[in-house]
Amino acid sequence: MKQFIQDLAEKNHYQATHLLQILRAIQSRYYYVPEDAIEQLAGLLQIPRTQIISVVEFYSFFHLTPRGQYELLISDSITDHMLGKIDLTGYLAKQLNVAVGAVRDDGLVSLDNTSCTGMCDQGPAGLINGYPLTLLDRTRIDLITELINQQKPLAEWPVELFHVDDNIYKPDLLLQQQIDDGSALRTAFKRGMQETLAEIDKSGLRGRGGAGYNTAWKWHLCYEGPEEDAFCEVATHNQQQRYVVCNADEGEPGTFKDRVLLNSYAHQVFEGMTLCAAIIGAQQGFLYLRGEYLHLYDKLQSVLDQRRQAGLLGNNILNEGLNFDIEICLGAGAYICGEESALIESLEGKMGIPRNRPPYPVTQGYLGKPTVVNNVETFMAAASIAVNGGGWFAGVGTEKSKGTKILSICGDCARPGIYEYPFGTSIQSVLNDCGASDVLGIQIGGPSGTFISNQEFDRKLAFEDLATGGSFIVFNNSRNILDIVNNFTHFFAHESCGFCTPCRVGTALLKKQLDKIIEGYGSAGDVVALEELCQLIKKHSHCGLGQTAANPVLTTLERYPELYQSKLKKISYEPGFDLDGALETARRMANRNDAGAHLTQVEEES
Amino acid sequence: MSNTITIDGNTVPFEDGQTIMEAATAAGVYIPHLCHHPEFTPHGSCKLCTVNVNGRNCSACTFPAMEGQNVLNNTRELTDDRRKITQMLFVEGNHLCPGCEKTGNCQLQAVAYHLNMLDNHFPHFYPSRELDASHAEVMIDHNRCIFCTLCVRASQQKDGKDVFAISGRGLNKHLIINSQSGLLKDTDLEATDEAAHICPTGAILIKRTGYQVPIGERIYDHKQIDQVSLETEHPRHGE
Ligand SMILES: Cc1cc2nc3c(=O)[nH]c(=O)nc-3n(C[C@H](O)[C@H](O)[C@H](O)COP(=O)(O)O)c2cc1C
Ligand code: SF4
Ligand code: SF4
Ligand code: FES
């Protein structure tokens, strides 16, 4: 092991910023991060061991104790549940003879749940040693069980188990006309960089990651850099190191459009990043790829190589004197790393904890330098705009939301997959296209977004009405709203980074309070208490995760208050737990199980 | 021309680079806080210092004071919310004040008094946490840690060591010790270190000094935390 770690550190140039990549390699080789490895790494990277331990304990895909040689994780997205995930996981556990959350005694296999893996259009889905398994059913599970028990290396498993489809059903502006490789850069060099930024400004492009910040303005701010730079000589100003970061963390449950863009439109995404570099004066870019998309890694590396060979990346790009290259960094299972400042921390080899702002990344980002962070789709759109002009894009959409939005649609519909729509499109026409009927409601923008009821389908996709980073989950009338809310609420409690009190404790309390109501232990004041807690978390949390974590409860409570009320018992106070159940230990110890050893809950009613 | 902001309608001067907390403290305005300490880089995690700046909630300890800010601090709504945040800290750990050596000197307890917290409001988590009494002079009771990172920062920024760190995610957040055994005895911590004395709660205690000051004669037994805080954290304190 000593040699392995030594080589690994050397390969990563002893850079602590590469800690996640190093730990990924160790975890994958030893199925955990051994204590000796931590000690050795701390020395080699010259960082305290506590930094390594904290990173291991922060990310879901790292462990201090061994997982199975075959590590199976089953996606916990609501859509996986709707496709029978619970039943399948039970079957899997039985076939493999391992409990959920445990490692089998022989150490061969472990089984656990994991947050949405971004395969909601082809679930139930899972991961085995980081690689996606799609369309799981009992037949596939039998096959997987057999392969594991035979200890067949993954490379020899049938490829169809790992097959991932794009499922593009409705291409529009962006998906229909892919640009030729290099054309955005060539046009931009010809037109001039400031003029190209003006085109992007004219296009009205706003960030596609959810928040909708004006892209041209973000690039402009980054170019300007910290105020003190604006006053120094242009030459020194240009020496300032800047960074371009593409946010491919795509962790919002129900979102999978970036997966498809990176699978089939990667050239254009990288071209958008290179264009941004040319405009702001950056030499280094990063693609922060969520760990769940490991299957795309090799393919993306080869796209980068092709671009280097074609003179579109590296030194002296297109002989225009631009030097810029892109490195791919894999995440390790943490939704919070999609938040831009947490993402930057993660790129620096640390826990993904959102920074205090100001300063914003555009002035102090990666290693304290000005950094642009944009979503995959934003870079892709910027490249198209550079070729086709700002007017081409701005001609589509609404006044405040220009262009198109790429949706990943899943849940109860005939054709889950990728759909691109001009902003301003009504929800009803989206539902018609994807083949949804008997609809109860839709979760737009993922758990952090809004639940709308079937009375609201004339509403529109737009920043000024229903904004979404891409997630669009359809629920039909057979679904139970409280189950949905429960799944989302547990998701946020699991993904809270724990930095600030309102979100760390609040999301855990919210989970408890909701469980109490759903399980029928709620009484008169409990819905009011639930709402109060939601407001507190929303108002006081440090970052977007906490600020939106109560949205599933709040948006459904607003629409279906009677649903929550109907769960309450009609007595004024009810303990938050099963009183009689709590006496079980006492009964066992006293070896009694007669009627006198049981409590009847006095006001139990019909 | 001097820079000013208003806090609850009162004009408060500030210097460039000051946070709202620093400007307020200098002007004798108390903003409740736990993870903030004037000697160390602000952290912004406890959220007790939340103030409303021109309609938006911000952490006073990290947010820069800027011309034109109307800050609300001492309002009914903020006090109610701060009380609930304090209650969250109480139910998250195991804070059994009557049996804690820090009682009367504890900032968590004092802030709770100040905010008129009369119960825990939320259900308890009763987490199972350890006690580390391995060190000859200093002990840690993890049950009382509120993850303010003051010990982490004091050790790094004042003592020039690196004894503590916060690890884990979400509710599994916990304090870890920088030694191979994970125990305090194997670190270079000394009882004279700032880090051994900075803890706002009773999580880090110096051994063999317990109850030297009787209960009833302790810091917050006679003074409110706002008064103590302004007396000790005012920039000209000790001059
Ligand atoms: C908890 C959380 C998760 C996020 N996840 C993502 C993500 O997966 N992808 C993304 O592009 N933006 C995500 N964002 C938004 C980013 O912080 C940031 O606004 C975005 O990457 C900026 O790019 P854009 O302007 O192109 O949208 C997330 C924000 C929060 C608060
Ligand atoms: S709101 Fe939640 S995720 Fe964001 S910093 Fe606070 S604890 Fe972390
Ligand atoms: S031990 Fe004390 S000082 Fe250190 S983080 Fe916990 S509460 Fe803060
Ligand atoms: S004192 Fe400001 S967040 Fe803790």
# chains A, B, ... in the order shown; residues from 1 in each chain; ligands from 1

call {"tool": "residues_around", "arguments": {"residues": "Gly469 in chain A", "least_positions_apart": "3", "cutoff": "6 Å", "atoms": "only C-alpha atoms", "output": "number ranges by chain"}}
result
A: 208-210, 445

call {"tool": "residues_near_ligand", "arguments": {"ligand": "ligand 4", "cutoff": "12 Å", "atoms": "only C-alpha atoms and all ligand atoms", "output": "number ranges by chain"}}
result
A: 356, 499-502, 540-542; B: 19-22, 30-38, 40-51, 57-63, 82, 85-86, 89, 107-108, 111, 146-150, 200

call {"tool": "write_last_selection", "arguments": {"atoms": "C-alpha atoms", "output": "PDB file, in the first residue's frame"}}
result
ATOM      1  CA  ASN A 356     -19.473  33.407   3.344  1.00  0.00           C
ATOM      2  CA  PHE A 499     -22.299  24.142   8.621  1.00  0.00           C
ATOM      3  CA  CYS A 500     -25.100  26.342   9.935  1.00  0.00           C
ATOM      4  CA  THR A 501     -27.497  25.666  12.805  1.00  0.00           C
ATOM      5  CA  PRO A 502     -30.852  26.361  11.109  1.00  0.00           C
ATOM      6  CA  HIS A 540     -31.989  31.849   8.459  1.00  0.00           C
ATOM      7  CA  SER A 541     -30.034  29.236   6.536  1.00  0.00           C
ATOM      8  CA  HIS A 542     -26.633  30.093   5.185  1.00  0.00           C
TER       9      HIS A 542
ATOM     10  CA  THR B  19     -18.323  43.900   9.614  1.00  0.00           C
ATOM     11  CA  ILE B  20     -21.724  44.921  10.943  1.00  0.00           C
ATOM     12  CA  MET B  21     -20.843  43.084  14.171  1.00  0.00           C
ATOM     13  CA  GLU B  22     -17.609  45.031  14.592  1.00  0.00           C
ATOM     14  CA  TYR B  30     -24.965  44.100  21.370  1.00  0.00           C
ATOM     15  CA  ILE B  31     -25.829  41.586  18.669  1.00  0.00           C
ATOM     16  CA  PRO B  32     -26.240  38.070  20.110  1.00  0.00           C
ATOM     17  CA  HIS B  33     -23.519  35.698  18.919  1.00  0.00           C
ATOM     18  CA  LEU B  34     -21.827  32.423  19.761  1.00  0.00           C
ATOM     19  CA  CYS B  35     -19.371  31.505  17.003  1.00  0.00           C
ATOM     20  CA  HIS B  36     -18.009  35.019  16.733  1.00  0.00           C
ATOM     21  CA  HIS B  37     -15.000  36.177  18.720  1.00  0.00           C
ATOM     22  CA  PRO B  38     -13.313  39.468  17.907  1.00  0.00           C
ATOM     23  CA  PHE B  40     -10.495  35.367  15.168  1.00  0.00           C
ATOM     24  CA  THR B  41     -11.606  35.182  11.554  1.00  0.00           C
ATOM     25  CA  PRO B  42     -15.390  35.157  11.566  1.00  0.00           C
ATOM     26  CA  HIS B  43     -17.066  31.853  10.809  1.00  0.00           C
ATOM     27  CA  GLY B  44     -20.744  32.680  10.295  1.00  0.00           C
ATOM     28  CA  SER B  45     -22.188  29.316  11.262  1.00  0.00           C
ATOM     29  CA  CYS B  46     -24.305  29.594  14.409  1.00  0.00           C
ATOM     30  CA  LYS B  47     -26.618  32.190  12.820  1.00  0.00           C
ATOM     31  CA  LEU B  48     -27.492  33.741  16.156  1.00  0.00           C
ATOM     32  CA  CYS B  49     -26.219  37.080  14.922  1.00  0.00           C
ATOM     33  CA  THR B  50     -28.707  37.197  12.060  1.00  0.00           C
ATOM     34  CA  VAL B  51     -29.781  40.775  11.428  1.00  0.00           C
ATOM     35  CA  ASN B  57     -31.264  38.455   6.527  1.00  0.00           C
ATOM     36  CA  CYS B  58     -27.479  38.476   6.911  1.00  0.00           C
ATOM     37  CA  SER B  59     -24.985  37.245   9.489  1.00  0.00           C
ATOM     38  CA  ALA B  60     -23.710  40.366  11.234  1.00  0.00           C
ATOM     39  CA  CYS B  61     -20.387  38.696  12.066  1.00  0.00           C
ATOM     40  CA  THR B  62     -19.430  38.166   8.419  1.00  0.00           C
ATOM     41  CA  PHE B  63     -21.369  40.776   6.467  1.00  0.00           C
ATOM     42  CA  ARG B  82     -32.759  33.631  17.672  1.00  0.00           C
ATOM     43  CA  ILE B  85     -31.974  28.769  16.897  1.00  0.00           C
ATOM     44  CA  THR B  86     -30.613  28.584  20.443  1.00  0.00           C
ATOM     45  CA  LEU B  89     -28.440  24.000  19.673  1.00  0.00           C
ATOM     46  CA  GLN B 107     -22.281  31.582  26.818  1.00  0.00           C
ATOM     47  CA  LEU B 108     -24.849  29.192  25.372  1.00  0.00           C
ATOM     48  CA  VAL B 111     -27.583  33.688  25.514  1.00  0.00           C
ATOM     49  CA  ILE B 146     -21.975  23.316  19.323  1.00  0.00           C
ATOM     50  CA  PHE B 147     -19.438  23.257  16.419  1.00  0.00           C
ATOM     51  CA  CYS B 148     -18.646  26.940  16.690  1.00  0.00           C
ATOM     52  CA  THR B 149     -15.016  26.124  15.654  1.00  0.00           C
ATOM     53  CA  LEU B 150     -13.609  28.651  18.114  1.00  0.00           C
ATOM     54  CA  PRO B 200     -18.264  29.148  24.814  1.00  0.00           C
TER      55      PRO B 200
END

call {"tool": "interface_residues", "arguments": {"of": "chain B", "to": "chain A", "cutoff": "6 Å", "atoms": "only C-alpha atoms", "output": "short mmCIF file (atom, residue, chain, number, x, y, z; two decimals) with C-alpha atoms, in the first residue's frame"}}
result
data_model
loop_
_atom_site.label_atom_id
_atom_site.label_comp_id
_atom_site.auth_asym_id
_atom_site.auth_seq_id
_atom_site.Cartn_x
_atom_site.Cartn_y
_atom_site.Cartn_z
CA SER B 45 -22.19 29.32 11.26
CA CYS B 46 -24.30 29.59 14.41
CA SER B 167 -15.58 16.64 10.53
CA GLY B 168 -18.62 14.87 9.12
CA ARG B 169 -21.72 16.12 7.36
CA GLY B 170 -25.15 17.33 8.47
CA LEU B 171 -26.27 16.18 11.89
CA ASN B 178 -5.48 15.93 15.43
#

call {"tool": "closest_atom_pairs", "arguments": {"of": "chain B", "to": "ligand 3", "cutoff": "12 Å", "atoms": "only C-alpha atoms and all ligand atoms", "output": "JSON lines"}}
result
{"residue": "B:Leu34", "atom": "CA", "partner": "ligand 3", "partner_atom_place_in_ligand_line": "8 (Fe)", "distance": 8.7}
{"residue": "B:Cys35", "atom": "CA", "partner": "ligand 3", "partner_atom_place_in_ligand_line": "8 (Fe)", "distance": 7.3}
{"residue": "B:His36", "atom": "CA", "partner": "ligand 3", "partner_atom_place_in_ligand_line": "8 (Fe)", "distance": 10.2}
{"residue": "B:His37", "atom": "CA", "partner": "ligand 3", "partner_atom_place_in_ligand_line": "3 (S)", "distance": 10.7}
{"residue": "B:His43", "atom": "CA", "partner": "ligand 3", "partner_atom_place_in_ligand_line": "8 (Fe)", "distance": 11.2}
{"residue": "B:Ser45", "atom": "CA", "partner": "ligand 3", "partner_atom_place_in_ligand_line": "8 (Fe)", "distance": 10.9}
{"residue": "B:Cys46", "atom": "CA", "partner": "ligand 3", "partner_atom_place_in_ligand_line": "8 (Fe)", "distance": 10.2}
{"residue": "B:Leu89", "atom": "CA", "partner": "ligand 3", "partner_atom_place_in_ligand_line": "7 (S)", "distance": 10.3}
{"residue": "B:Phe90", "atom": "CA", "partner": "ligand 3", "partner_atom_place_in_ligand_line": "7 (S)", "distance": 11.7}
{"residue": "B:Gly93", "atom": "CA", "partner": "ligand 3", "partner_atom_place_in_ligand_line": "7 (S)", "distance": 10.3}
{"residue": "B:His95", "atom": "CA", "partner": "ligand 3", "partner_atom_place_in_ligand_line": "7 (S)", "distance": 11.5}
{"residue": "B:Lys102", "atom": "CA", "partner": "ligand 3", "partner_atom_place_in_ligand_line": "2 (Fe)", "distance": 11.4}
{"residue": "B:Cys106", "atom": "CA", "partner": "ligand 3", "partner_atom_place_in_ligand_line": "7 (S)", "distance": 10.4}
{"residue": "B:Gln107", "atom": "CA", "partner": "ligand 3", "partner_atom_place_in_ligand_line": "7 (S)", "distance": 10.0}
{"residue": "B:Leu108", "atom": "CA", "partner": "ligand 3", "partner_atom_place_in_ligand_line": "7 (S)", "distance": 9.2}
{"residue": "B:Leu131", "atom": "CA", "partner": "ligand 3", "partner_atom_place_in_ligand_line": "1 (S)", "distance": 11.3}
{"residue": "B:Asp132", "atom": "CA", "partner": "ligand 3", "partner_atom_place_in_ligand_line": "1 (S)", "distance": 11.3}
{"residue": "B:Val138", "atom": "CA", "partner": "ligand 3", "partner_atom_place_in_ligand_line": "1 (S)", "distance": 11.5}
{"residue": "B:Met139", "atom": "CA", "partner": "ligand 3", "partner_atom_place_in_ligand_line": "1 (S)", "distance": 9.9}
{"residue": "B:Ile140", "atom": "CA", "partner": "ligand 3", "partner_atom_place_in_ligand_line": "1 (S)", "distance": 7.0}
{"residue": "B:Asp141", "atom": "CA", "partner": "ligand 3", "partner_atom_place_in_ligand_line": "1 (S)", "distance": 7.9}
{"residue": "B:His142", "atom": "CA", "partner": "ligand 3", "partner_atom_place_in_ligand_line": "1 (S)", "distance": 7.0}
{"residue": "B:Asn143", "atom": "CA", "partner": "ligand 3", "partner_atom_place_in_ligand_line": "6 (Fe)", "distance": 9.1}
{"residue": "B:Arg144", "atom": "CA", "partner": "ligand 3", "partner_atom_place_in_ligand_line": "7 (S)", "distance": 6.6}
{"residue": "B:Cys145", "atom": "CA", "partner": "ligand 3", "partner_atom_place_in_ligand_line": "6 (Fe)", "distance": 3.6}
{"residue": "B:Ile146", "atom": "CA", "partner": "ligand 3", "partner_atom_place_in_ligand_line": "7 (S)", "distance": 4.3}
{"residue": "B:Phe147", "atom": "CA", "partner": "ligand 3", "partner_atom_place_in_ligand_line": "5 (S)", "distance": 3.9}
{"residue": "B:Cys148", "atom": "CA", "partner": "ligand 3", "partner_atom_place_in_ligand_line": "8 (Fe)", "distance": 4.0}
{"residue": "B:Thr149", "atom": "CA", "partner": "ligand 3", "partner_atom_place_in_ligand_line": "5 (S)", "distance": 3.9}
{"residue": "B:Leu150", "atom": "CA", "partner": "ligand 3", "partner_atom_place_in_ligand_line": "3 (S)", "distance": 4.4}
{"residue": "B:Cys151", "atom": "CA", "partner": "ligand 3", "partner_atom_place_in_ligand_line": "3 (S)", "distance": 4.2}
{"residue": "B:Val152", "atom": "CA", "partner": "ligand 3", "partner_atom_place_in_ligand_line": "4 (Fe)", "distance": 6.3}
{"residue": "B:Arg153", "atom": "CA", "partner": "ligand 3", "partner_atom_place_in_ligand_line": "3 (S)", "distance": 8.7}
{"residue": "B:Ala154", "atom": "CA", "partner": "ligand 3", "partner_atom_place_in_ligand_line": "3 (S)", "distance": 8.6}
{"residue": "B:Ser155", "atom": "CA", "partner": "ligand 3", "partner_atom_place_in_ligand_line": "4 (Fe)", "distance": 9.9}
{"residue": "B:Val163", "atom": "CA", "partner": "ligand 3", "partner_atom_place_in_ligand_line": "4 (Fe)", "distance": 10.3}
{"residue": "B:Phe164", "atom": "CA", "partner": "ligand 3", "partner_atom_place_in_ligand_line": "4 (Fe)", "distance": 7.5}
{"residue": "B:Ala165", "atom": "CA", "partner": "ligand 3", "partner_atom_place_in_ligand_line": "5 (S)", "distance": 8.0}
{"residue": "B:Ile166", "atom": "CA", "partner": "ligand 3", "partner_atom_place_in_ligand_line": "5 (S)", "distance": 7.3}
{"residue": "B:Ser167", "atom": "CA", "partner": "ligand 3", "partner_atom_place_in_ligand_line": "5 (S)", "distance": 10.7}
{"residue": "B:Lys173", "atom": "CA", "partner": "ligand 3", "partner_atom_place_in_ligand_line": "5 (S)", "distance": 10.3}
{"residue": "B:His174", "atom": "CA", "partner": "ligand 3", "partner_atom_place_in_ligand_line": "6 (Fe)", "distance": 8.3}
{"residue": "B:Leu175", "atom": "CA", "partner": "ligand 3", "partner_atom_place_in_ligand_line": "5 (S)", "distance": 6.4}
{"residue": "B:Ile176", "atom": "CA", "partner": "ligand 3", "partner_atom_place_in_ligand_line": "1 (S)", "distance": 9.4}
{"residue": "B:Ile177", "atom": "CA", "partner": "ligand 3", "partner_atom_place_in_ligand_line": "1 (S)", "distance": 10.3}
{"residue": "B:Leu184", "atom": "CA", "partner": "ligand 3", "partner_atom_place_in_ligand_line": "1 (S)", "distance": 12.0}
{"residue": "B:Glu194", "atom": "CA", "partner": "ligand 3", "partner_atom_place_in_ligand_line": "3 (S)", "distance": 10.4}
{"residue": "B:Ala195", "atom": "CA", "partner": "ligand 3", "partner_atom_place_in_ligand_line": "3 (S)", "distance": 7.4}
{"residue": "B:Ala196", "atom": "CA", "partner": "ligand 3", "partner_atom_place_in_ligand_line": "3 (S)", "distance": 8.3}
{"residue": "B:His197", "atom": "CA", "partner": "ligand 3", "partner_atom_place_in_ligand_line": "3 (S)", "distance": 8.3}
{"residue": "B:Ile198", "atom": "CA", "partner": "ligand 3", "partner_atom_place_in_ligand_line": "3 (S)", "distance": 5.9}
{"residue": "B:Cys199", "atom": "CA", "partner": "ligand 3", "partner_atom_place_in_ligand_line": "3 (S)", "distance": 3.6}
{"residue": "B:Pro200", "atom": "CA", "partner": "ligand 3", "partner_atom_place_in_ligand_line": "2 (Fe)", "distance": 5.9}
{"residue": "B:Thr201", "atom": "CA", "partner": "ligand 3", "partner_atom_place_in_ligand_line": "7 (S)", "distance": 5.6}
{"residue": "B:Gly202", "atom": "CA", "partner": "ligand 3", "partner_atom_place_in_ligand_line": "2 (Fe)", "distance": 7.0}
{"residue": "B:Ala203", "atom": "CA", "partner": "ligand 3", "partner_atom_place_in_ligand_line": "1 (S)", "distance": 4.9}
{"residue": "B:Ile204", "atom": "CA", "partner": "ligand 3", "partner_atom_place_in_ligand_line": "1 (S)", "distance": 5.5}
{"residue": "B:Leu205", "atom": "CA", "partner": "ligand 3", "partner_atom_place_in_ligand_line": "2 (Fe)", "distance": 9.2}

call {"tool": "write_last_selection", "arguments": {"atoms": "C-alpha atoms", "output": "mmCIF file, in the first residue's frame"}}
result
data_model
loop_
_atom_site.group_PDB
_atom_site.id
_atom_site.type_symbol
_atom_site.label_atom_id
_atom_site.label_comp_id
_atom_site.auth_asym_id
_atom_site.auth_seq_id
_atom_site.Cartn_x
_atom_site.Cartn_y
_atom_site.Cartn_z
ATOM 1 C CA LEU B 34 -21.827 32.423 19.761
ATOM 2 C CA CYS B 35 -19.371 31.505 17.003
ATOM 3 C CA HIS B 36 -18.009 35.019 16.733
ATOM 4 C CA HIS B 37 -15.000 36.177 18.720
ATOM 5 C CA HIS B 43 -17.066 31.853 10.809
ATOM 6 C CA SER B 45 -22.188 29.316 11.262
ATOM 7 C CA CYS B 46 -24.305 29.594 14.409
ATOM 8 C CA LEU B 89 -28.440 24.000 19.673
ATOM 9 C CA PHE B 90 -29.777 22.768 23.007
ATOM 10 C CA GLY B 93 -26.472 18.018 21.933
ATOM 11 C CA HIS B 95 -26.853 20.075 27.619
ATOM 12 C CA LYS B 102 -19.558 25.573 33.104
ATOM 13 C CA CYS B 106 -21.473 29.321 29.746
ATOM 14 C CA GLN B 107 -22.281 31.582 26.818
ATOM 15 C CA LEU B 108 -24.849 29.192 25.372
ATOM 16 C CA LEU B 131 -16.008 12.152 26.586
ATOM 17 C CA ASP B 132 -12.239 12.451 26.158
ATOM 18 C CA VAL B 138 -7.727 19.348 29.612
ATOM 19 C CA MET B 139 -10.880 17.364 28.949
ATOM 20 C CA ILE B 140 -13.512 17.382 26.234
ATOM 21 C CA ASP B 141 -17.132 16.489 26.682
ATOM 22 C CA HIS B 142 -18.423 16.185 23.140
ATOM 23 C CA ASN B 143 -21.999 16.235 24.419
ATOM 24 C CA ARG B 144 -21.726 19.999 24.817
ATOM 25 C CA CYS B 145 -20.023 20.918 21.552
ATOM 26 C CA ILE B 146 -21.975 23.316 19.323
ATOM 27 C CA PHE B 147 -19.438 23.257 16.419
ATOM 28 C CA CYS B 148 -18.646 26.940 16.690
ATOM 29 C CA THR B 149 -15.016 26.124 15.654
ATOM 30 C CA LEU B 150 -13.609 28.651 18.114
ATOM 31 C CA CYS B 151 -11.197 26.045 19.477
ATOM 32 C CA VAL B 152 -10.200 25.176 15.904
ATOM 33 C CA ARG B 153 -9.508 28.799 15.065
ATOM 34 C CA ALA B 154 -7.819 29.643 18.356
ATOM 35 C CA SER B 155 -5.471 26.699 17.999
ATOM 36 C CA VAL B 163 -5.258 20.514 17.507
ATOM 37 C CA PHE B 164 -8.934 20.527 16.509
ATOM 38 C CA ALA B 165 -11.082 20.204 13.406
ATOM 39 C CA ILE B 166 -14.717 19.716 12.544
ATOM 40 C CA SER B 167 -15.581 16.640 10.525
ATOM 41 C CA LYS B 173 -20.981 16.867 12.381
ATOM 42 C CA HIS B 174 -18.418 16.315 15.133
ATOM 43 C CA LEU B 175 -15.230 17.659 16.567
ATOM 44 C CA ILE B 176 -12.096 15.628 15.848
ATOM 45 C CA ILE B 177 -8.680 15.740 17.419
ATOM 46 C CA LEU B 184 -6.335 14.675 23.215
ATOM 47 C CA GLU B 194 -5.979 29.849 24.069
ATOM 48 C CA ALA B 195 -7.821 26.921 22.471
ATOM 49 C CA ALA B 196 -8.234 25.289 25.874
ATOM 50 C CA HIS B 197 -10.061 28.338 27.228
ATOM 51 C CA ILE B 198 -12.078 29.675 24.338
ATOM 52 C CA CYS B 199 -14.994 27.242 24.324
ATOM 53 C CA PRO B 200 -18.264 29.148 24.814
ATOM 54 C CA THR B 201 -19.868 26.054 26.346
ATOM 55 C CA GLY B 202 -18.659 23.405 28.750
ATOM 56 C CA ALA B 203 -17.249 21.171 26.032
ATOM 57 C CA ILE B 204 -13.607 21.958 26.780
ATOM 58 C CA LEU B 205 -12.737 22.193 30.469
#

call {"tool": "residues_near_ligand", "arguments": {"ligand": "ligand 1", "cutoff": "6 Å", "atoms": "only C-alpha atoms and all ligand atoms", "output": "VMD selection string"}}
result
chain A and resid 207 to 213 247 to 251 336 338 to 340 373 to 375 378 543 to 545

call {"tool": "closest_residue", "arguments": {"among": "A:Leu510, A:Arg67, A:Ala125, A:Leu347", "to": "Met88 in chain B", "atoms": "only C-alpha atoms"}}
result
A:Leu510

call {"tool": "atom_distance", "arguments": {"atom1": "CA of Ile385 in chain A", "atom2": "CA of Arg415 in chain A"}}
result
29.6 Å

call {"tool": "select_by_dssp", "arguments": {"residues": "range 430-569 of chain A", "states": "alpha helix (DSSP H)", "output": "ChimeraX atom specification"}}
result
/A:430-434,481-495,501-518,526-540,544-549,551-559,561-565

call {"tool": "residues_around", "arguments": {"residues": "Val396 in chain A", "least_positions_apart": "5", "cutoff": "10 Å", "atoms": "only C-alpha atoms", "output": "PyMOL selection string"}}
result
chain A and resi 173+203+391+401-404+421-424

call {"tool": "write_last_selection", "arguments": {"atoms": "C-alpha atoms", "output": "PDB file, in the first residue's frame"}}
result
ATOM      1  CA  LEU A 173     -32.707  25.753 -30.762  1.00  0.00           C
ATOM      2  CA  SER A 203     -28.883  37.288 -26.155  1.00  0.00           C
ATOM      3  CA  GLY A 391     -30.461  38.152 -31.748  1.00  0.00           C
ATOM      4  CA  SER A 401     -36.353  34.682 -20.086  1.00  0.00           C
ATOM      5  CA  LYS A 402     -34.705  34.495 -23.469  1.00  0.00           C
ATOM      6  CA  GLY A 403     -34.012  31.388 -25.489  1.00  0.00           C
ATOM      7  CA  THR A 404     -34.895  27.842 -24.643  1.00  0.00           C
ATOM      8  CA  TYR A 421     -38.697  24.314 -25.019  1.00  0.00           C
ATOM      9  CA  PRO A 422     -38.753  28.024 -25.704  1.00  0.00           C
ATOM     10  CA  PHE A 423     -39.290  29.859 -22.427  1.00  0.00           C
ATOM     11  CA  GLY A 424     -42.941  30.789 -22.078  1.00  0.00           C
TER      12      GLY A 424
END

call {"tool": "residues_around", "arguments": {"residues": "Pro561 in chain A", "least_positions_apart": "6", "cutoff": "12 Å", "atoms": "only C-alpha atoms", "output": "list in words"}}
result
Ile481, Leu482, Val527, Val528, Leu530, Glu531, Val553, Leu554, Thr555, Lys567 and Leu568 of chain A

call {"tool": "write_last_selection", "arguments": {"atoms": "N, CA, C and O atoms", "output": "compact mmCIF listing (two decimals), in the first residue's frame"}}
result
# COMPACT_ATOMS: atom_id res chain seq x y z
N ILE A 481 -49.13 12.49 -1.96
CA ILE A 481 -48.31 13.70 -1.84
C ILE A 481 -47.39 13.65 -0.61
O ILE A 481 -46.23 14.05 -0.69
N LEU A 482 -47.91 13.14 0.49
CA LEU A 482 -47.07 13.13 1.69
C LEU A 482 -45.86 12.20 1.54
O LEU A 482 -44.79 12.47 2.09
N VAL A 527 -49.24 20.97 12.86
CA VAL A 527 -49.06 21.52 11.52
C VAL A 527 -48.54 22.95 11.61
O VAL A 527 -47.67 23.38 10.84
N VAL A 528 -49.03 23.68 12.61
CA VAL A 528 -48.54 25.04 12.83
C VAL A 528 -47.05 25.00 13.18
O VAL A 528 -46.25 25.77 12.65
N LEU A 530 -44.99 22.75 12.34
CA LEU A 530 -44.28 22.36 11.12
C LEU A 530 -44.00 23.58 10.26
O LEU A 530 -42.88 23.79 9.80
N GLU A 531 -45.01 24.39 10.09
CA GLU A 531 -44.84 25.56 9.24
C GLU A 531 -43.86 26.57 9.84
O GLU A 531 -43.03 27.15 9.14
N VAL A 553 -42.48 20.97 1.82
CA VAL A 553 -43.57 21.10 2.79
C VAL A 553 -44.36 22.38 2.52
O VAL A 553 -45.59 22.35 2.42
N LEU A 554 -43.67 23.48 2.36
CA LEU A 554 -44.37 24.76 2.22
C LEU A 554 -45.25 24.81 0.97
O LEU A 554 -46.39 25.28 1.03
N THR A 555 -44.74 24.31 -0.16
CA THR A 555 -45.53 24.43 -1.39
C THR A 555 -46.72 23.46 -1.40
O THR A 555 -47.73 23.73 -2.02
N LYS A 567 -54.27 14.20 8.98
CA LYS A 567 -53.37 13.23 9.61
C LYS A 567 -53.31 13.40 11.13
O LYS A 567 -52.73 12.58 11.84
N LEU A 568 -53.85 14.52 11.61
CA LEU A 568 -53.71 14.82 13.04
C LEU A 568 -54.75 14.08 13.86
O LEU A 568 -55.89 13.93 13.45
